[in-house]
>>> print(open('entry27.txt').read())   # compact mmCIF, C-alpha atoms
# COMPACT_ATOMS: atom_id res chain seq x y z
CA MET A 1 0.35 -26.90 -15.81
CA ARG A 2 1.67 -25.96 -12.38
CA GLU A 3 -0.01 -23.21 -10.37
CA VAL A 4 1.00 -19.64 -9.61
CA LEU A 5 0.94 -18.96 -5.87
CA PHE A 6 0.27 -15.35 -4.80
CA VAL A 7 0.93 -14.20 -1.23
CA VAL A 8 -0.20 -10.78 0.02
CA GLY A 9 -0.63 -9.46 3.54
CA GLU A 10 -3.11 -6.59 3.34
CA ALA A 11 -5.85 -4.92 1.33
CA SER A 12 -3.60 -3.00 -1.06
CA GLY A 13 -1.70 -6.16 -1.95
CA ASP A 14 -4.96 -7.98 -2.64
CA LEU A 15 -6.02 -5.16 -4.97
CA HIS A 16 -2.75 -5.13 -6.92
CA ALA A 17 -2.52 -8.93 -7.09
CA GLY A 18 -6.10 -9.04 -8.32
CA LYS A 19 -5.22 -6.75 -11.23
CA VAL A 20 -2.26 -8.94 -12.15
CA ALA A 21 -4.44 -12.05 -11.94
CA GLU A 22 -6.98 -10.41 -14.25
CA ALA A 23 -4.25 -9.72 -16.79
CA LEU A 24 -3.02 -13.30 -16.50
CA ARG A 25 -6.52 -14.73 -16.91
CA ALA A 26 -6.97 -12.68 -20.10
CA ARG A 27 -3.75 -14.13 -21.53
CA VAL A 28 -3.98 -17.75 -20.27
CA PRO A 29 -7.58 -18.55 -19.24
CA ASP A 30 -6.76 -21.97 -17.79
CA LEU A 31 -3.72 -20.90 -15.73
CA PRO A 32 -4.23 -22.27 -12.19
CA MET A 33 -3.80 -19.52 -9.56
CA VAL A 34 -4.01 -19.86 -5.79
CA GLY A 35 -3.03 -17.58 -2.97
CA VAL A 36 -3.32 -15.74 0.29
CA GLY A 37 -5.52 -12.76 -0.51
CA GLY A 38 -9.02 -11.34 -0.53
CA GLY A 39 -11.96 -10.28 -2.61
CA HIS A 40 -10.08 -8.74 -5.52
CA MET A 41 -8.00 -11.88 -6.07
CA ARG A 42 -11.06 -14.09 -5.64
CA ALA A 43 -12.97 -12.05 -8.24
CA ALA A 44 -10.06 -12.52 -10.65
CA GLY A 45 -10.31 -16.30 -10.35
CA VAL A 46 -7.65 -16.96 -7.71
CA GLU A 47 -8.43 -19.79 -5.30
CA ILE A 48 -8.03 -18.23 -1.85
CA LEU A 49 -6.16 -20.40 0.66
CA GLU A 50 -6.29 -17.86 3.50
CA ASP A 51 -8.17 -14.57 3.70
CA VAL A 52 -5.96 -11.52 3.99
CA GLU A 53 -8.24 -9.87 6.57
CA ARG A 54 -6.97 -12.39 9.15
CA LEU A 55 -3.37 -11.35 8.61
CA ALA A 56 -3.13 -7.55 8.48
CA VAL A 57 -1.24 -6.18 11.46
CA MET A 58 1.03 -3.23 12.04
CA GLY A 59 4.01 -2.37 14.22
CA PHE A 60 6.62 -4.46 15.99
CA VAL A 61 4.55 -5.09 19.12
CA GLU A 62 1.34 -5.91 17.25
CA VAL A 63 3.06 -8.51 15.08
CA LEU A 64 4.06 -10.56 18.12
CA GLN A 65 0.41 -11.21 18.92
CA HIS A 66 -0.07 -12.94 15.56
CA VAL A 67 3.05 -15.14 15.50
CA PRO A 68 1.31 -18.53 15.99
CA LYS A 69 -1.18 -17.84 13.20
CA HIS A 70 1.57 -16.77 10.81
CA TRP A 71 3.71 -19.83 11.55
CA ALA A 72 0.75 -22.13 10.92
CA LEU A 73 0.11 -20.48 7.56
CA LEU A 74 3.79 -20.61 6.67
CA ARG A 75 3.81 -24.37 7.31
CA ARG A 76 0.81 -24.78 4.97
CA LEU A 77 2.43 -22.77 2.21
CA ARG A 78 5.76 -24.52 2.59
CA ALA A 79 4.04 -27.91 2.26
CA ARG A 80 2.22 -26.75 -0.87
CA ILE A 81 5.43 -25.42 -2.43
CA GLU A 82 7.31 -28.64 -1.63
CA SER A 83 4.50 -30.78 -3.08
CA GLY A 84 5.52 -29.90 -6.64
CA ARG A 85 2.19 -28.23 -7.43
CA VAL A 86 3.60 -24.69 -7.51
CA GLY A 87 5.45 -23.44 -10.58
CA LEU A 88 6.00 -19.85 -9.47
CA VAL A 89 5.60 -17.86 -6.26
CA VAL A 90 4.52 -14.20 -6.57
CA LEU A 91 4.97 -12.12 -3.42
CA LEU A 92 3.59 -8.64 -2.78
CA ASP A 93 5.04 -6.47 0.01
CA TYR A 94 4.57 -7.94 3.57
CA PRO A 95 8.31 -8.72 3.91
CA GLY A 96 8.40 -10.13 7.43
CA PHE A 97 6.29 -13.07 6.28
CA ASN A 98 6.96 -13.14 2.56
CA LEU A 99 10.73 -13.45 2.84
CA LYS A 100 10.14 -16.70 4.75
CA VAL A 101 7.90 -17.89 1.91
CA ALA A 102 10.59 -16.88 -0.59
CA ASN A 103 13.19 -18.87 1.33
CA ALA A 104 10.94 -21.94 1.30
CA ALA A 105 10.45 -21.59 -2.45
CA HIS A 106 14.17 -21.11 -3.06
CA ARG A 107 14.99 -24.26 -1.09
CA ALA A 108 12.39 -26.17 -3.13
CA GLY A 109 13.77 -24.87 -6.44
CA VAL A 110 10.64 -22.83 -7.22
CA PRO A 111 11.26 -19.39 -8.81
CA VAL A 112 10.09 -16.27 -6.97
CA LEU A 113 8.87 -12.95 -8.33
CA TYR A 114 8.70 -10.18 -5.73
CA TYR A 115 6.27 -7.45 -6.80
CA ILE A 116 6.13 -4.33 -4.59
CA THR A 117 9.46 -5.06 -2.94
CA PRO A 118 10.34 -4.43 0.73
CA GLN A 119 11.18 -0.83 1.56
CA VAL A 120 14.85 -1.54 2.21
CA TRP A 121 15.66 2.09 1.42
CA ALA A 122 13.82 3.12 4.61
CA TRP A 123 14.81 0.33 6.96
CA GLY A 124 15.74 -3.32 6.80
CA ALA A 125 18.78 -2.90 4.53
CA ASP A 126 20.06 -6.10 6.13
CA ARG A 127 17.38 -7.87 4.08
CA LEU A 128 19.14 -7.09 0.80
CA PRO A 129 21.47 -10.15 0.91
CA THR A 130 18.44 -12.37 1.63
CA LEU A 131 16.51 -10.84 -1.27
CA ALA A 132 19.47 -11.44 -3.58
CA ARG A 133 19.66 -15.07 -2.49
CA VAL A 134 15.99 -16.12 -2.56
CA VAL A 135 14.30 -13.86 -5.13
CA THR A 136 14.55 -14.75 -8.82
CA LYS A 137 13.21 -11.44 -10.14
CA ALA A 138 11.85 -8.25 -8.57
CA ALA A 139 9.26 -5.85 -9.98
CA SER A 140 9.73 -2.49 -8.27
CA ILE A 141 7.11 0.26 -8.20
CA LEU A 142 9.14 3.28 -7.08
CA PRO A 143 11.57 4.97 -9.46
CA PHE A 144 14.71 4.73 -7.32
CA GLU A 145 14.27 1.09 -6.27
CA GLU A 146 15.49 -0.62 -9.44
CA ALA A 147 19.03 0.77 -9.28
CA LEU A 148 19.30 0.14 -5.52
CA LEU A 149 18.21 -3.49 -5.85
CA ARG A 150 20.44 -4.11 -8.85
CA GLU A 151 23.43 -2.73 -6.93
CA HIS A 152 22.90 -5.57 -4.46
CA GLY A 153 22.62 -8.34 -7.03
CA ILE A 154 18.83 -8.48 -7.39
CA ASP A 155 17.39 -8.80 -10.90
CA ALA A 156 14.99 -5.85 -10.62
CA THR A 157 12.79 -4.05 -13.14
CA PHE A 158 10.86 -0.82 -12.55
CA VAL A 159 7.33 -1.53 -13.79
CA GLY A 160 5.67 1.74 -12.76
CA HIS A 161 3.24 2.26 -9.93
CA PRO A 162 -0.02 0.26 -10.07
CA LEU A 163 -1.97 3.26 -8.77
CA LEU A 164 -1.64 4.73 -12.24
CA ASP A 165 -3.67 1.81 -13.61
CA ARG A 166 -6.53 2.64 -11.24
CA ALA A 167 -6.41 6.34 -11.99
CA GLN A 168 -6.87 6.27 -15.76
CA SER A 169 -10.55 7.22 -15.54
CA LEU A 170 -10.85 9.41 -12.47
CA PRO A 171 -14.03 11.49 -12.09
CA SER A 172 -13.88 15.26 -12.05
CA GLN A 173 -14.29 17.02 -8.72
CA MET A 174 -17.89 17.88 -9.48
CA GLU A 175 -18.68 14.32 -10.62
CA ALA A 176 -17.11 12.89 -7.48
CA ARG A 177 -19.02 15.28 -5.22
CA ALA A 178 -22.29 14.44 -6.93
CA GLN A 179 -21.54 10.74 -6.49
CA LEU A 180 -20.96 11.26 -2.76
CA GLY A 181 -23.90 13.64 -2.26
CA LEU A 182 -21.67 16.60 -1.33
CA SER A 183 -22.28 20.26 -2.08
CA PRO A 184 -20.48 21.35 -5.27
CA ASP A 185 -19.66 24.78 -3.84
CA ALA A 186 -18.34 24.30 -0.28
CA PRO A 187 -14.79 23.02 0.37
CA VAL A 188 -14.34 19.35 1.30
CA LEU A 189 -11.84 17.87 3.76
CA ALA A 190 -11.19 14.13 3.24
CA VAL A 191 -10.00 12.10 6.23
CA PHE A 192 -8.12 8.82 5.72
CA PRO A 193 -7.41 7.15 9.10
CA GLY A 194 -5.91 3.90 7.75
CA SER A 195 -6.63 0.46 6.34
CA ARG A 196 -6.03 -1.72 9.42
CA ARG A 197 -7.98 -2.04 12.64
CA ALA A 198 -5.01 -0.95 14.76
CA GLU A 199 -4.54 2.14 12.59
CA ILE A 200 -8.19 3.09 12.96
CA ALA A 201 -7.95 2.69 16.73
CA ARG A 202 -4.98 5.06 16.90
CA HIS A 203 -5.94 7.59 14.22
CA LEU A 204 -9.70 8.02 14.07
CA GLY A 205 -9.98 9.97 17.34
CA PRO A 206 -7.20 12.52 16.78
CA PHE A 207 -8.01 12.85 13.06
CA THR A 208 -11.62 13.60 14.00
CA GLU A 209 -10.47 16.21 16.52
CA ALA A 210 -8.37 17.94 13.87
CA ALA A 211 -11.27 17.92 11.39
CA LEU A 212 -13.64 19.34 14.00
CA GLU A 213 -11.13 22.11 14.71
CA VAL A 214 -11.04 22.91 10.99
CA GLN A 215 -14.84 23.11 10.95
CA ARG A 216 -14.81 25.32 14.05
CA ARG A 217 -12.57 27.78 12.22
CA ARG A 218 -14.38 27.44 8.90
CA PRO A 219 -17.95 26.14 9.34
CA ASP A 220 -18.62 25.76 5.61
CA VAL A 221 -16.08 22.91 5.28
CA GLN A 222 -17.63 19.52 4.54
CA VAL A 223 -15.81 16.55 6.07
CA VAL A 224 -15.97 12.97 4.80
CA VAL A 225 -14.14 9.91 6.16
CA SER A 226 -12.78 7.35 3.70
CA VAL A 227 -13.03 3.78 5.03
CA ALA A 228 -10.83 1.05 3.55
CA PRO A 229 -12.69 -2.02 2.26
CA THR A 230 -11.02 -4.26 4.85
CA VAL A 231 -12.15 -2.37 7.96
CA ARG A 232 -15.41 -1.23 9.49
CA ILE A 233 -16.12 2.01 11.32
CA ALA A 234 -19.43 2.32 13.14
CA ALA A 235 -21.48 5.40 12.26
CA SER A 236 -21.59 6.18 15.98
CA ASP A 237 -17.78 6.45 16.04
CA SER A 238 -17.65 9.37 13.62
CA PRO A 239 -19.54 12.67 13.44
CA PHE A 240 -18.85 12.74 9.70
CA PRO A 241 -20.20 10.71 6.74
CA LEU A 242 -18.36 7.44 6.07
CA VAL A 243 -17.55 6.28 2.53
CA GLN A 244 -16.47 2.64 2.18
CA GLY A 245 -14.02 1.42 -0.45
CA ALA A 246 -13.95 4.46 -2.76
CA SER A 247 -10.70 6.20 -1.89
CA PHE A 248 -10.01 7.74 -5.30
CA VAL A 249 -13.55 9.12 -5.54
CA VAL A 250 -13.21 10.70 -2.10
CA GLN A 251 -9.84 12.19 -3.02
CA ARG A 252 -11.18 13.63 -6.25
CA ALA A 253 -14.13 15.17 -4.40
CA ALA A 254 -11.92 16.77 -1.77
CA THR A 255 -10.27 20.17 -1.60
CA ALA A 256 -7.67 18.96 0.93
CA GLY A 257 -6.93 15.78 2.85
CA LEU A 258 -5.76 14.50 6.23
CA LEU A 259 -4.06 11.18 5.49
CA LYS A 260 -2.41 8.42 7.43
CA SER A 261 1.14 7.87 6.23
CA GLY A 262 1.26 5.21 3.51
CA THR A 263 0.25 4.39 -0.04
CA ASN A 264 -2.76 6.69 0.16
CA THR A 265 -0.35 9.65 0.06
CA LEU A 266 0.72 8.47 -3.41
CA GLU A 267 -2.96 8.11 -4.31
CA ALA A 268 -3.30 11.75 -3.34
CA ALA A 269 -0.42 12.65 -5.65
CA VAL A 270 -2.12 10.82 -8.50
CA ALA A 271 -5.46 12.46 -7.69
CA GLY A 272 -3.83 15.89 -7.27
CA LEU A 273 -5.03 16.32 -3.68
CA PRO A 274 -2.97 18.60 -1.37
CA HIS A 275 -2.82 16.99 2.05
CA VAL A 276 -1.35 16.75 5.52
CA ILE A 277 0.11 13.46 6.82
CA GLY A 278 -0.48 12.14 10.32
CA TYR A 279 0.74 8.99 12.03
CA ARG A 280 0.61 7.46 15.50
CA THR A 281 1.70 4.05 16.72
CA SER A 282 2.52 2.41 20.06
CA ALA A 283 5.30 4.02 22.11
CA ILE A 284 7.49 0.92 21.85
CA THR A 285 7.01 0.58 18.09
CA TYR A 286 7.82 4.25 17.62
CA ALA A 287 10.96 4.02 19.76
CA ILE A 288 12.22 1.08 17.72
CA ALA A 289 11.31 2.75 14.41
CA ARG A 290 13.30 5.86 15.31
CA ARG A 291 16.37 3.67 15.64
CA VAL A 292 16.00 1.71 12.42
CA VAL A 293 14.34 4.07 9.92
CA LYS A 294 17.05 5.77 7.87
CA ILE A 295 15.08 8.40 5.92
CA PRO A 296 13.92 11.88 6.96
CA HIS A 297 10.27 11.47 5.88
CA ILE A 298 7.63 8.81 6.55
CA GLY A 299 5.05 9.80 3.93
CA LEU A 300 5.66 7.97 0.67
CA VAL A 301 4.81 11.09 -1.30
CA ASN A 302 7.65 12.91 0.49
CA VAL A 303 10.02 9.97 0.09
CA VAL A 304 9.51 9.94 -3.68
CA ALA A 305 9.73 13.73 -3.88
CA GLY A 306 12.87 13.85 -1.75
CA GLU A 307 11.37 16.83 0.09
CA ALA A 308 8.43 17.75 2.32
CA VAL A 309 5.69 18.18 -0.28
CA SER A 310 3.12 17.38 2.42
CA PRO A 311 3.53 18.38 6.10
CA GLU A 312 4.02 15.47 8.49
CA PHE A 313 2.77 15.22 12.09
CA VAL A 314 4.13 12.06 13.71
CA GLN A 315 3.40 10.63 17.18
CA ASP A 316 3.36 13.40 19.85
CA ALA A 317 3.68 16.06 17.13
CA PHE A 318 0.14 15.20 16.05
CA VAL A 319 -1.66 17.98 17.90
CA PRO A 320 -5.11 18.65 16.39
CA SER A 321 -4.74 22.44 16.51
CA ALA A 322 -1.34 22.30 14.76
CA VAL A 323 -2.70 19.93 12.13
CA ALA A 324 -5.62 22.29 11.55
CA ASP A 325 -3.11 25.14 11.11
CA ALA A 326 -1.49 23.20 8.26
CA LEU A 327 -4.81 22.24 6.67
CA MET A 328 -6.40 25.67 6.59
CA PRO A 329 -4.30 27.17 3.75
CA LEU A 330 -4.76 24.00 1.67
CA LEU A 331 -8.52 24.63 1.74
CA ASP A 332 -7.94 28.01 0.09
CA VAL A 333 -7.59 27.34 -3.63
CA HIS A 334 -5.64 30.57 -4.13
CA SER A 335 -3.12 30.22 -1.28
CA GLU A 336 0.61 30.00 -1.93
CA ALA A 337 0.82 26.83 0.20
CA ARG A 338 -1.74 25.10 -1.99
CA VAL A 339 -0.06 26.16 -5.24
CA LEU A 340 3.29 24.82 -4.00
CA ALA A 341 1.68 21.57 -2.83
CA GLU A 342 -0.02 21.00 -6.19
CA ALA A 343 3.26 21.57 -8.03
CA GLY A 344 5.06 19.11 -5.75
CA LEU A 345 2.37 16.46 -6.21
CA ALA A 346 2.62 16.85 -9.99
CA ARG A 347 6.38 16.19 -9.79
CA VAL A 348 5.76 13.06 -7.75
CA ARG A 349 3.16 11.75 -10.18
CA ALA A 350 5.59 12.26 -13.08
CA GLN A 351 8.12 10.00 -11.33
CA LEU A 352 5.72 7.08 -10.90
CA GLY A 353 6.09 5.84 -14.48
CA THR A 354 3.29 5.12 -16.89
CA PRO A 355 0.08 3.06 -16.59
CA GLY A 356 0.35 -0.66 -17.28
CA ALA A 357 2.18 -2.05 -14.23
CA SER A 358 -0.22 -4.97 -13.86
CA SER A 359 0.22 -5.99 -17.50
CA ARG A 360 4.00 -5.74 -17.24
CA VAL A 361 4.03 -7.95 -14.16
CA ALA A 362 1.73 -10.46 -15.87
CA ASP A 363 4.17 -10.64 -18.77
CA MET A 364 7.04 -11.23 -16.32
CA ILE A 365 5.08 -14.04 -14.67
CA LEU A 366 4.35 -15.79 -17.97
CA SER A 367 7.98 -15.46 -19.05
CA MET A 368 9.13 -16.99 -15.77
CA THR A 369 6.61 -19.82 -15.89
CA ARG A 370 7.66 -20.71 -19.44
CA THR A 371 11.30 -20.72 -18.39
CA SER A 372 10.45 -22.93 -15.41
CA MET A 373 8.48 -25.36 -17.63
CA THR A 374 11.39 -25.58 -20.05
CA ARG A 375 13.80 -26.42 -17.24
CA ASP A 376 11.42 -29.06 -15.88
CA ALA A 377 11.19 -30.64 -19.32
CA GLN A 378 14.98 -30.73 -19.64
CA ALA A 379 15.50 -32.17 -16.16
>>> encode(input="entry27.txt", output="structure tokens")
Amino acid sequence: MREVLFVVGEASGDLHAGKVAEALRARVPDLPMVGVGGGHMRAAGVEILEDVERLAVMGFVEVLQHVPKHWALLRRLRARIESGRVGLVVLLDYPGFNLKVANAAHRAGVPVLYYITPQVWAWGADRLPTLARVVTKAASILPFEEALLREHGIDATFVGHPLLDRAQSLPSQMEARAQLGLSPDAPVLAVFPGSRRAEIARHLGPFTEAALEVQRRRPDVQVVVSVAPTVRIAASDSPFPLVQGASFVVQRAATAGLLKSGTNTLEAAVAGLPHVIGYRTSAITYAIARRVVKIPHIGLVNVVAGEAVSPEFVQDAFVPSAVADALMPLLDVHSEARVLAEAGLARVRAQLGTPGASSRVADMILSMTRTSMTRDAQA
């Protein structure tokens, strides 16, 4: 039995790939699985070839610093694919690297499933012909992606968003606050500065300033900082309590949130947390992004909604006092701004499909591996 090769590039990909691997292990206990990933994949029985923590970077400039390391890994993966050991390649996000892996698999005659496809609707539409050429099937997680990909000749299926799998047993607000040792009565502001070291470096300072301004205006507000499992923040770097690797619990405990643009904004939609979005990157990266990004919003929750459900403060617009202005009404459970935000988040959650994405992807993988085995037998 040939192996399934997973390739992810950051913590969220490791989490989602781990869930798929769990579902596969439940169906076919002896299925060999290897990959580039982290702790979640390892716990699901995937042999880790390279740890994802060594790969996660952000921005155009930052990527250049990691080119030699990425090329060395690509050579290793290409050799493994060409060895005949790999029966299927499963890619999650990380398109700059993963499209090169897909091309290597295509040239070797190995089928490719792309789960959590590149955000070609935002930028990189020139990647669509490449996707159509090198990807066998795509499993999309946003409602509008399936039709877009199919229009360009990609065999895509909307499987629902994997966040819904994680959110099936969320704690109540009071349970979450008790778990985190927070007062059940005072409002809570949750701060999410990012899941990569470069994001923390750019966001933690200004996010902290905004939270301190909120506390200056309303001293009863409790602030907690959510720390992704792949990064470390020293206690001395934050005046607020740090909570590692429990993003949904923090969001359920919170009254409002200050979030870095990204998947955590969709987590907030699932958790029902009104929030403000902030984002900063290098000046060069931002200048390039302004030229290539084709959509009016950067927060995924706003992209899915097609409107500004959550206020966005990007680059120089991120002024702590202005961010605090936007957060203050969200901390008032009776404010019109909060009511509108909650209604918008509910609409977004309704568009994300139904729970079971990981199981659906596992079924796609087994179907593709059986097809590949049949072709090998006939060859």
>>> residues_around(input="entry27.txt", residues="A:Asp363", least_positions_apart="6", cutoff="10 Å", atoms="all atoms listed in the file", output="PyMOL selection string")
chain A and resi 20+23-24+27+357+369
>>> atom_distance(input="entry27.txt", atom1="atom CA of A:Val135", atom2="atom CA of A:Val112")
5.2 Å
>>> residues_near_point(input="entry27.txt", point="(-4.5, 23.7, 16.6)", cutoff="12 Å", atoms="only C-alpha atoms", output="ChimeraX atom specification")
/A:206-207,209-217,317-328
>>> atom_distance(input="entry27.txt", atom1="atom CA of A:Ala125", atom2="atom CA of A:Val301")
20.6 Å
>>> residues_around(input="entry27.txt", residues="stretch 230-240 of chain A", least_positions_apart="2", cutoff="8 Å", atoms="only C-alpha atoms", output="PyMOL selection string")
chain A and resi 11+53+195-197+208+223-225+227-228+242
>>> closest_residue(input="entry27.txt", among="A:Phe248, A:Val134, A:Leu204, A:Pro129", to="A:Leu180", atoms="all atoms listed in the file")
A:Phe248
